[in-house]
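Reproduced below: data.txt, with compact mmCIF, C-alpha atoms.
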# COMPACT_ATOMS: atom_id res chain seq x y z
CA MET J 119 96.28 89.92 122.43
CA SER J 120 96.21 86.86 120.13
CA THR J 121 97.55 88.62 117.00
CA THR J 122 101.25 89.45 116.82
CA PHE J 123 101.91 93.02 115.72
CA ALA J 124 105.21 94.77 115.07
CA ARG J 125 107.16 96.15 118.00
CA ALA J 126 106.69 99.72 116.71
CA VAL J 127 102.94 99.32 117.24
CA THR J 128 103.00 97.80 120.71
CA GLU J 129 105.76 100.07 121.98
CA TYR J 130 103.88 103.18 120.89
CA TRP J 131 100.52 102.23 122.36
CA LEU J 132 101.53 100.05 125.30
CA THR J 133 104.58 101.81 126.71
CA ARG J 134 102.90 101.92 130.12
CA SER J 135 100.50 99.02 129.86
CA PRO J 136 99.07 98.01 133.25
CA ASP J 137 100.37 94.79 134.78
CA ALA J 138 96.89 93.63 135.79
CA VAL J 139 94.03 94.05 133.33
CA LYS J 140 90.61 94.76 134.83
CA PRO J 141 87.76 94.01 132.42
CA ASP J 142 85.64 97.06 131.56
CA GLU J 143 87.89 99.45 133.52
CA TYR J 144 90.45 101.95 132.29
CA THR J 145 93.81 102.28 133.98
CA VAL J 146 94.78 105.95 134.27
CA VAL J 147 98.20 107.02 133.03
CA ILE J 148 99.22 110.64 133.67
CA ASP J 149 101.47 111.94 130.88
CA GLU J 150 102.97 115.43 130.91
CA THR J 151 104.16 115.12 127.30
CA LEU J 152 100.74 114.91 125.61
CA ARG J 153 100.09 117.33 122.75
CA GLU J 154 97.62 120.17 123.15
CA ASP J 155 95.11 118.45 120.86
CA LEU J 156 95.47 115.07 122.61
CA LEU J 157 95.22 115.88 126.30
CA LEU J 158 93.07 112.82 126.96
CA GLN J 159 93.25 109.58 124.99
CA LEU J 160 91.25 106.41 125.53
CA LEU J 161 92.65 103.16 124.17
CA VAL J 162 90.78 99.85 124.23
CA VAL J 163 93.08 97.07 123.03
CA LEU J 164 91.41 94.00 121.55
CA ASP J 165 91.76 91.21 124.13
CA GLY J 166 93.94 93.56 126.15
CA PRO J 167 93.97 96.55 128.49
CA ARG J 168 91.95 99.73 128.56
CA ILE J 169 94.20 102.75 129.07
CA ALA J 170 93.20 106.37 129.72
CA THR J 171 96.23 108.57 129.06
CA ILE J 172 95.60 112.03 130.48
CA ALA J 173 97.52 115.29 130.81
CA PRO J 174 97.96 116.49 134.42
CA THR J 175 95.70 119.54 133.95
CA VAL J 176 92.84 117.43 132.60
CA ALA J 177 93.35 114.72 135.21
CA ALA J 178 92.97 117.34 137.93
CA ARG J 179 89.64 118.44 136.42
CA LEU J 180 88.51 114.82 136.46
CA SER J 181 89.84 114.12 139.98
CA LEU J 182 91.95 111.24 138.67
CA THR J 183 95.50 110.26 139.60
CA ASP J 184 98.11 108.03 138.02
CA GLY J 185 97.29 104.34 138.48
CA ASP J 186 93.59 104.85 139.20
CA THR J 187 91.10 102.47 137.62
CA VAL J 188 87.78 103.78 136.40
CA SER J 189 84.79 102.25 134.61
CA ASP J 190 83.26 103.57 131.41
CA GLY J 191 80.24 104.89 133.28
CA VAL J 192 82.23 106.70 135.95
CA LEU J 193 84.65 108.18 133.41
CA ASN J 194 81.83 109.38 131.17
CA GLY J 195 80.18 110.99 134.19
CA LYS J 196 83.40 112.78 135.10
CA LEU J 197 83.82 114.00 131.53
CA GLN J 198 80.26 115.31 131.44
CA THR J 199 80.67 117.10 134.76
CA ALA J 200 83.89 118.71 133.51
CA GLY J 201 82.24 119.77 130.24
CA LEU J 202 84.54 117.59 128.14
CA GLU J 203 83.38 115.68 125.07
CA LEU J 204 84.94 112.77 123.21
CA ASN J 205 85.44 113.00 119.44
CA GLY J 206 84.11 109.50 118.76
CA ALA J 207 86.25 106.38 118.62
CA ASP J 208 88.21 105.07 115.65
CA HIS J 209 89.18 101.49 114.94
CA LEU J 210 92.95 101.00 114.81
CA PHE J 211 94.17 98.40 112.31
CA TYR J 212 97.72 97.18 111.65
CA LEU J 213 99.32 94.45 109.59
CA PRO J 214 100.15 91.34 111.63
CA LEU J 215 103.72 90.13 111.23
CA ARG J 216 102.60 87.04 109.32
CA GLU J 217 100.72 89.21 106.81
CA GLN J 218 103.72 91.49 106.33
CA ALA J 219 105.78 88.57 105.06
CA THR J 220 103.03 87.71 102.58
CA LEU J 221 102.71 91.31 101.45
CA ARG J 222 106.40 91.70 100.73
CA SER J 223 106.28 88.74 98.34
CA HIS J 224 103.10 89.95 96.61
CA PRO J 225 103.64 90.75 92.91
CA ASP J 226 103.12 94.31 91.73
CA HIS J 227 100.19 95.27 89.49
CA ALA J 228 101.09 97.21 86.36
CA ASP J 229 98.11 99.54 86.83
CA THR J 230 99.08 100.49 90.41
CA ARG J 231 102.11 102.66 91.13
CA ARG J 232 103.54 105.47 93.20
CA LEU J 233 102.23 108.94 92.35
CA ARG J 234 104.52 111.95 92.09
CA ALA J 235 104.32 115.64 91.15
CA ALA J 236 104.09 114.70 87.47
CA ASP J 237 100.70 113.12 88.25
CA THR J 238 99.19 116.40 89.46
CA ALA J 239 96.71 116.72 86.58
CA SER J 240 95.49 113.14 86.99
CA PHE J 241 95.15 113.61 90.74
CA GLU J 242 93.21 116.86 90.34
CA ARG J 243 90.77 115.15 87.95
CA PHE J 244 90.44 112.31 90.43
CA CYS J 245 89.58 114.72 93.26
CA ALA J 246 87.06 116.52 91.07
CA ASN J 247 85.23 113.22 90.53
CA ALA J 248 85.43 112.00 94.13
CA PRO J 249 82.60 112.71 96.62
CA GLU J 250 83.39 115.67 98.87
CA ALA J 251 82.66 113.61 101.98
CA ASP J 252 85.26 111.02 100.92
CA LEU J 253 87.89 113.71 100.37
CA ASP J 254 87.24 115.16 103.82
CA GLU J 255 87.18 111.84 105.66
CA ALA J 256 90.00 109.97 103.93
CA PHE J 257 92.48 112.88 103.76
CA VAL J 258 94.31 111.67 100.65
CA GLU J 259 96.77 114.29 99.38
CA LEU J 260 99.34 114.28 96.59
CA ASP J 261 101.90 116.10 98.76
CA HIS J 262 101.83 113.48 101.51
CA TRP J 263 104.92 111.45 102.33
CA LEU J 264 103.82 108.47 100.20
CA VAL J 265 101.07 108.36 97.56
CA TYR J 266 99.89 105.51 95.33
CA GLY J 267 97.24 105.23 92.65
CA THR J 268 95.46 102.63 90.55
CA PHE J 269 94.57 103.46 86.96
CA ALA J 270 91.87 102.15 84.62
CA ASN J 271 92.07 103.04 80.92
CA GLY J 272 94.57 105.76 81.76
CA GLN J 273 92.35 107.35 84.42
CA LEU J 274 93.27 107.50 88.10
CA VAL J 275 90.37 105.72 89.84
CA ALA J 276 91.73 104.84 93.29
CA ALA J 277 94.31 106.62 95.42
CA ALA J 278 95.91 106.14 98.81
CA SER J 279 98.33 108.32 100.74
CA MET J 280 100.31 108.08 103.97
CA TYR J 281 102.12 110.42 106.31
CA PRO J 282 104.27 109.67 109.38
CA TRP J 283 101.91 109.83 112.33
CA ARG J 284 102.80 112.20 115.17
CA GLY J 285 106.55 111.81 114.81
CA THR J 286 106.50 108.00 114.97
CA ARG J 287 107.34 105.14 112.61
CA LEU J 288 103.60 104.58 112.12
CA ALA J 289 102.31 105.70 108.72
CA ASP J 290 98.67 106.80 108.77
CA LEU J 291 96.73 105.72 105.70
CA GLY J 292 93.83 107.18 103.75
CA VAL J 293 92.23 105.71 100.63
CA ILE J 294 89.54 106.73 98.14
CA THR J 295 88.01 104.87 95.19
CA LEU J 296 85.77 106.65 92.70
CA PRO J 297 82.15 105.44 93.11
CA ALA J 298 81.91 104.01 89.58
CA TYR J 299 84.92 101.76 90.22
CA ARG J 300 84.03 100.32 93.60
CA GLY J 301 83.51 96.61 94.13
CA ARG J 302 86.41 95.63 91.87
CA GLY J 303 89.13 95.20 94.49
CA LEU J 304 90.95 98.36 93.43
CA ALA J 305 91.06 99.89 96.91
CA LYS J 306 92.54 96.67 98.29
CA ARG J 307 95.14 96.71 95.52
CA VAL J 308 96.29 100.28 96.13
CA VAL J 309 96.28 99.84 99.92
CA ARG J 310 98.46 96.75 99.74
CA ALA J 311 100.83 98.45 97.30
CA ILE J 312 101.37 101.52 99.46
CA ALA J 313 101.62 99.38 102.60
CA ALA J 314 104.36 97.26 101.02
CA ASP J 315 106.33 100.38 100.12
CA ALA J 316 105.96 101.81 103.63
CA LEU J 317 107.15 98.56 105.18
CA GLY J 318 110.15 98.59 102.88
CA GLN J 319 111.04 102.04 104.23
CA GLY J 320 110.79 100.93 107.85
CA PHE J 321 107.29 102.26 108.63
CA GLU J 322 104.27 100.42 110.00
CA PRO J 323 101.07 101.09 108.01
CA GLN J 324 98.25 102.34 110.23
CA TYR J 325 94.62 102.09 109.08
CA ARG J 326 92.01 104.05 111.03
CA CYS J 327 88.27 104.38 110.48
CA GLN J 328 85.15 105.22 112.44
CA LEU J 329 83.36 102.40 114.21
CA ASP J 330 80.29 102.58 111.95
CA ASN J 331 82.15 102.72 108.62
CA LEU J 332 81.38 99.17 107.57
CA ALA J 333 82.85 99.51 104.07
CA SER J 334 86.16 100.76 105.44
CA ILE J 335 86.25 98.01 108.06
CA ALA J 336 85.69 95.41 105.33
CA LEU J 337 88.47 96.94 103.22
CA ALA J 338 90.91 96.79 106.13
CA GLY J 339 90.24 93.08 106.55
CA SER J 340 90.46 92.27 102.86
CA ALA J 341 93.79 94.13 102.62
CA GLY J 342 95.24 91.98 105.40
CA PHE J 343 94.96 94.35 108.35
CA ALA J 344 93.85 93.13 111.78
CA ARG J 345 92.12 95.17 114.47
CA PHE J 346 94.42 96.30 117.26
CA GLY J 347 91.85 98.26 119.24
CA GLU J 348 89.80 101.45 119.50
CA TRP J 349 91.12 104.95 120.14
CA ASP J 350 89.30 108.12 121.18
CA VAL J 351 90.32 111.62 122.27
CA ILE J 352 88.59 114.62 123.79
CA ALA J 353 87.50 117.20 121.25
CA ASP J 354 88.10 120.37 123.28
CA VAL J 355 89.51 121.17 126.72
CA SER J 356 88.41 124.80 126.92

Can the structure in the file be given as structure tokens, please?
Amino acid sequence: MSTTFARAVTEYWLTRSPDAVKPDEYTVVIDETLREDLLLQLLVVLDGPRIATIAPTVAARLSLTDGDTVSDGVLNGKLQTAGLELNGADHLFYLPLREQATLRSHPDHADTRRLRAADTASFERFCANAPEADLDEAFVELDHWLVYGTFANGQLVAAASMYPWRGTRLADLGVITLPAYRGRGLAKRVVRAIAADALGQGFEPQYRCQLDNLASIALAGSAGFARFGEWDVIADVS
């Protein structure tokens, strides 16, 4: 991995990273502590290992044991035979350490600030004007742990929110910009503002998006995030 990420990122994802990396093969890690909705996770680290973290019950269905190595094709065949389906991978982006230093020294914009309960009316108008698909995908909520917005002529036109991810010091990020205000750098502005606040509170901003969401991928890069890898889970184990 050529990019240096914070320890909170690498310790969460690479707690049991294999000593020897085999290209195009996953190393199986059996984990009894996985949540019910995450009983199989596939992680492909950029320029790094591929790790399949699996609950014991699911591993038994796939005839896999701790320390096994398995190719994409073989693993997909095992999943199909067991009637298990992957959700579809997300990109995982984080701020490199060098970018964090830059972000902390970045001046604030007067039109971008933290949102609170007093901004409920503005946020409700914002949601009413945002595409339904964006609201569903980005999951930006006023009652999240941290919420920021950018205003234009007194109107909330871009919003981002974060929540602590699965009991960790990673803060998962969602962002929406109203269609009429896209292409002006407002999403980048609000993302960098909320990321700076999260860092100041000891959290690592986490930016996720689907592999085919080119606009979101471009935003991550422009806001200073670097790709850590790809992450996928099984949708249902019934």

Self-check item: Surrounding residues of Ala341 of chain J excluding itself and chain neighbours under 3 positions, 9 Å, only C-alpha atoms, as JSON, numbers by chain
Solution: {"J": [213, 305, 306, 307, 309, 310, 336, 337, 338]}

With C-alpha atoms retained, write the just-selected residues as a compact mmCIF listing (two decimals), in the frame of the given file.
# COMPACT_ATOMS: atom_id res chain seq x y z
CA LEU J 213 99.32 94.45 109.59
CA ALA J 305 91.06 99.89 96.91
CA LYS J 306 92.54 96.67 98.29
CA ARG J 307 95.14 96.71 95.52
CA VAL J 309 96.28 99.84 99.92
CA ARG J 310 98.46 96.75 99.74
CA ALA J 336 85.69 95.41 105.33
CA LEU J 337 88.47 96.94 103.22
CA ALA J 338 90.91 96.79 106.13

Quiz item: Got a sec: who's within 10 Å of Phe343 of chain J, counting all atoms listed in the file, leaving out chain neighbours fewer than 2 positions off, as number ranges by chain?
Solution: J: 210-214, 217-218, 310, 323-325, 335-341, 345-346

Quiz item: Within 6 Å of segment 151-163 of chain J, counting only C-alpha atoms, which residues qualify if same-chain residues fewer than 2 places away don't, as a ChimeraX atom specification?
Solution: /J:149,166-173,346-352

Self-check item: Selection: 9 Å around Phe257 of chain J, all atoms listed in the file, excl. self and same-chain fewer than 6 positions, as a list in words
Solution: Ser279, Leu291, Gly292, Val293 and Ile294 of chain J

Quiz item: What's the 10 Å shell around Gly267 of chain J, counting all atoms listed in the file, without same-chain residues fewer than 3 positions away, as a VMD selection string?
Solution: chain J and resid 229 to 234 237 240 to 241 273 to 279 293 to 295 304 to 305 307 to 309 311 to 312

Exercise. Take atom CA of Arg284 of chain J and atom CA of Tyr266 of chain J and report the distance between them in Å, one decimal.
Key: 21.1 Å

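Interatomic distance, atom CA of Ser223 of chain J to atom CA of Thr128 of chain J: 24.4 Å.
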
Exercise. Using only C-alpha atoms, find the one residue out of J:Leu296, J:Ala316, J:Leu164, J:Ala178 that sits nearest to Glu250 of chain J.
Key: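 When distances to Glu250 of chain J are compared using only C-alpha atoms, the smallest one comes from J:Leu296.
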
Quiz item: Pick the closest to Asn247 of chain J from J:Glu322, J:Tyr144, J:Ala333, J:Pro297: which is it, counting only C-alpha atoms?
Solution: J:Pro297

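A straight line drawn from atom CA of Ala251 of chain J to atom CA of Ala313 of chain J is 23.7 Å long.
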
Quiz item: Given the choices J:Val188, J:Leu332, J:Leu317, J:Leu193, which gets closest to Lys140 of chain J if the distance is worked out from only C-alpha atoms?
Solution: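 Result for the nearest residue to Lys140 of chain J: J:Val188.
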
Self-check item: From J:Leu202, J:Leu215, J:Ala256, J:Ala248, residue lying nearest Ala298 of chain J [only C-alpha atoms]
Solution: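 When distances to Ala298 of chain J are compared using only C-alpha atoms, the smallest one comes from J:Ala248.
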
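Comparing the minimum interatomic distances between Leu329 of chain J and each of J:Arg300, J:Arg243, J:His209, J:Arg222, counting only C-alpha atoms, we find that J:His209 sits nearest.
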
Please produce segment 238-255 of chain J, completed to N, CA and C atoms, as an mmCIF file, in the coordinates of the input.
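Once written, selection-v6.cif looks like this:
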data_model
loop_
_atom_site.group_PDB
_atom_site.id
_atom_site.type_symbol
_atom_site.label_atom_id
_atom_site.label_comp_id
_atom_site.auth_asym_id
_atom_site.auth_seq_id
_atom_site.Cartn_x
_atom_site.Cartn_y
_atom_site.Cartn_z
ATOM 1 N N THR J 238 100.076 115.388 88.889
ATOM 2 C CA THR J 238 99.190 116.400 89.460
ATOM 3 C C THR J 238 97.876 116.514 88.691
ATOM 4 N N ALA J 239 97.939 116.568 87.376
ATOM 5 C CA ALA J 239 96.710 116.720 86.580
ATOM 6 C C ALA J 239 95.776 115.535 86.782
ATOM 7 N N SER J 240 96.321 114.335 86.778
ATOM 8 C CA SER J 240 95.490 113.140 86.990
ATOM 9 C C SER J 240 94.875 113.159 88.385
ATOM 10 N N PHE J 241 95.663 113.580 89.371
ATOM 11 C CA PHE J 241 95.150 113.610 90.740
ATOM 12 C C PHE J 241 94.068 114.667 90.894
ATOM 13 N N GLU J 242 94.229 115.809 90.255
ATOM 14 C CA GLU J 242 93.210 116.860 90.340
ATOM 15 C C GLU J 242 91.904 116.398 89.696
ATOM 16 N N ARG J 243 91.980 115.690 88.570
ATOM 17 C CA ARG J 243 90.770 115.150 87.950
ATOM 18 C C ARG J 243 90.123 114.110 88.869
ATOM 19 N N PHE J 244 90.951 113.310 89.490
ATOM 20 C CA PHE J 244 90.440 112.310 90.430
ATOM 21 C C PHE J 244 89.675 112.987 91.566
ATOM 22 N N CYS J 245 90.238 114.018 92.151
ATOM 23 C CA CYS J 245 89.580 114.720 93.260
ATOM 24 C C CYS J 245 88.285 115.388 92.807
ATOM 25 N N ALA J 246 88.269 115.884 91.582
ATOM 26 C CA ALA J 246 87.060 116.520 91.070
ATOM 27 C C ALA J 246 85.920 115.521 90.914
ATOM 28 N N ASN J 247 86.249 114.255 90.708
ATOM 29 C CA ASN J 247 85.230 113.220 90.530
ATOM 30 C C ASN J 247 84.886 112.472 91.811
ATOM 31 N N ALA J 248 85.656 112.708 92.866
ATOM 32 C CA ALA J 248 85.430 112.000 94.130
ATOM 33 C C ALA J 248 84.405 112.751 94.982
ATOM 34 N N PRO J 249 83.561 112.044 95.727
ATOM 35 C CA PRO J 249 82.600 112.710 96.620
ATOM 36 C C PRO J 249 83.327 113.573 97.655
ATOM 37 N N GLU J 250 82.773 114.740 97.924
ATOM 38 C CA GLU J 250 83.390 115.670 98.870
ATOM 39 C C GLU J 250 83.563 115.027 100.246
ATOM 40 N N ALA J 251 82.573 114.253 100.662
ATOM 41 C CA ALA J 251 82.660 113.610 101.980
ATOM 42 C C ALA J 251 83.841 112.645 102.042
ATOM 43 N N ASP J 252 84.113 111.943 100.949
ATOM 44 C CA ASP J 252 85.260 111.020 100.920
ATOM 45 C C ASP J 252 86.572 111.782 101.025
ATOM 46 N N LEU J 253 86.667 112.902 100.323
ATOM 47 C CA LEU J 253 87.890 113.710 100.370
ATOM 48 C C LEU J 253 88.151 114.217 101.775
ATOM 49 N N ASP J 254 87.081 114.634 102.458
ATOM 50 C CA ASP J 254 87.240 115.160 103.820
ATOM 51 C C ASP J 254 87.623 114.056 104.804
ATOM 52 N N GLU J 255 86.985 112.912 104.681
ATOM 53 C CA GLU J 255 87.180 111.840 105.660
ATOM 54 C C GLU J 255 88.495 111.099 105.451
#
